[in-house]
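Q: First, the structure itself, so that you have it in front of you.
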Amino acid sequence: MQKFNFLQKTLFSTKTTYYILLLACSLSLSIYPSIKVSAQGNLMVMPKRVVFDGSKKTHELNLANTGQDSAKYVISLVHYKMKEDGSFVEMGATDTSENFADKYIRFFPRSVVLGPNESQTVRIQLKQTSKLLPGEYRSHLYFRAIADEKPLGVEETNRHDSSAVSVRLIPVFGISLPVIIRVGQCSAQVNISSCSLEMYDDNTPLLSMTFNREGNMSVYGDITVEHISLNDKVTKVGSIQGLAVYTHNRARRIKIALDKNARVDYSKGKLYIVYKTQSDIEPVTLAQTQLLINYNPLEK
């Protein structure tokens with residue numbers, strides 16, 4: 001105890017207040033790019049992903065601050081790898097297990113300051129694509145919020161206790177979206193397997209399944225789940241928007257919590273699962289399957 005008191009006096013006898021800056025919550029939300037940053041505004045980015053295919057060489061992103069405070073964001077390119085469960089891990093620039101797009105992309109500006117309700121355009125261009133072999137290349141554009149820090153030399157002091165330690169936690173948030181380049185002939189095929197239904201917490205129906213992908217390009221689309229009763233009544237019971245399976249992944253496992261308040265009997269009938277591309281004109285079905293739930297056609 002004496003040693004601790006001596007150490008405490010030695011370390012904290014000065015009036016200087018110490019700060020610990022905690023950098024946390026780096027979010028890669030390709031599903032829906034909207035984050036809330038306390039005292040830094042709400043950043044929204046549209047569209048949610050950028051795909052260069054065909055002859056188009058430029059894309060524009062629209063950034064908007066819907067919050068009540070000004071915010072600054074620094075923009076960079078990072079590399080992520082998707083795991084089978086859909087989570088992401090950051091990869092180093094020297095990793096060669098995937099085709100990265102960062103060497104073939106330029107963007108500007110590289111930082112933006114947005115006041116309340118202000119918007120900004122970020123322009124993305126391709127470069128040196130003639131060097132690319134056929135296939136798909138991907139990196140992520142990362143928007144990192146910069147905390148509003150005090151100028152150097154400005155200190156906060158604790159007048160009541162000069163030996164106290166002040167800890168200030170400053171969360172720094174970010175979002176990312178994929179930038180994809182497709183060169184030459186690209187195609188992919190998807191099928192759904194390993195479907196099962198269980199009750200979670202004895203109350204919520206939980207649908208598990210695996211998306212299996214083949215080919216040299218990623219897939220992206222929406223999932224819809226319908227329950228079909230024994231008398232052929234169709235009820236929508238679940239959905240996921242913006243599900244991606246990237247080129248590195250041969251499979252992606254997902255779980256969907258179905259609507260527990262729907263007036264359906266999850267012990268009978270069947271579930272019809274459809275995976276379609278996003279399109280305002282005519283979505284293309286990527287995969288579909290059905291799961292029989294104690295289903296017997298002779299009962300009809």
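Residues are referred to by chain and number: the chain letter is A, B, ... according to the order shown in the structure tokens, the number counts from 1 in that chain, and ligands are numbered separately from 1 in the order shown.
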Can you list, as JSON, numbers by chain, every protein, DNA or RNA residue that comes within 9 Å of A:Met46 when you count only C-alpha atoms, leaving out same-chain residues fewer than 3 positions away?

A: {"A": [33, 49, 60, 61, 62, 63, 64]}

Q: From the list A:Ile181, A:Val190, A:Ile146, A:Cys195, which residue is nearest A:Ser111 when using only C-alpha atoms?

A: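 Closest residue, counting only C-alpha atoms: A:Ile146.
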
Q: I need the residue nearest A:Gln290 from this list: A:Val89, A:Val245, A:Leu177, A:Leu207. Use only C-alpha atoms for the distance.

A: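 Closest residue, counting only C-alpha atoms: A:Leu207.
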
Q: Go through A:Ala145, A:Leu133, A:Val183, A:Leu243 and flag the residue nearest A:Gln278, using only C-alpha atoms for the distances.

A: A:Leu243

Q: To test your reading of the structure, identify every residue in stretch 97-243 of chain A that backbone DSSP assigns to strand (DSSP E), and report it as an MDAnalysis selection string.

A: chainID A and resid 105:108 111:114 119:126 135:146 174:183 188:200 204:215 219:228 234:243
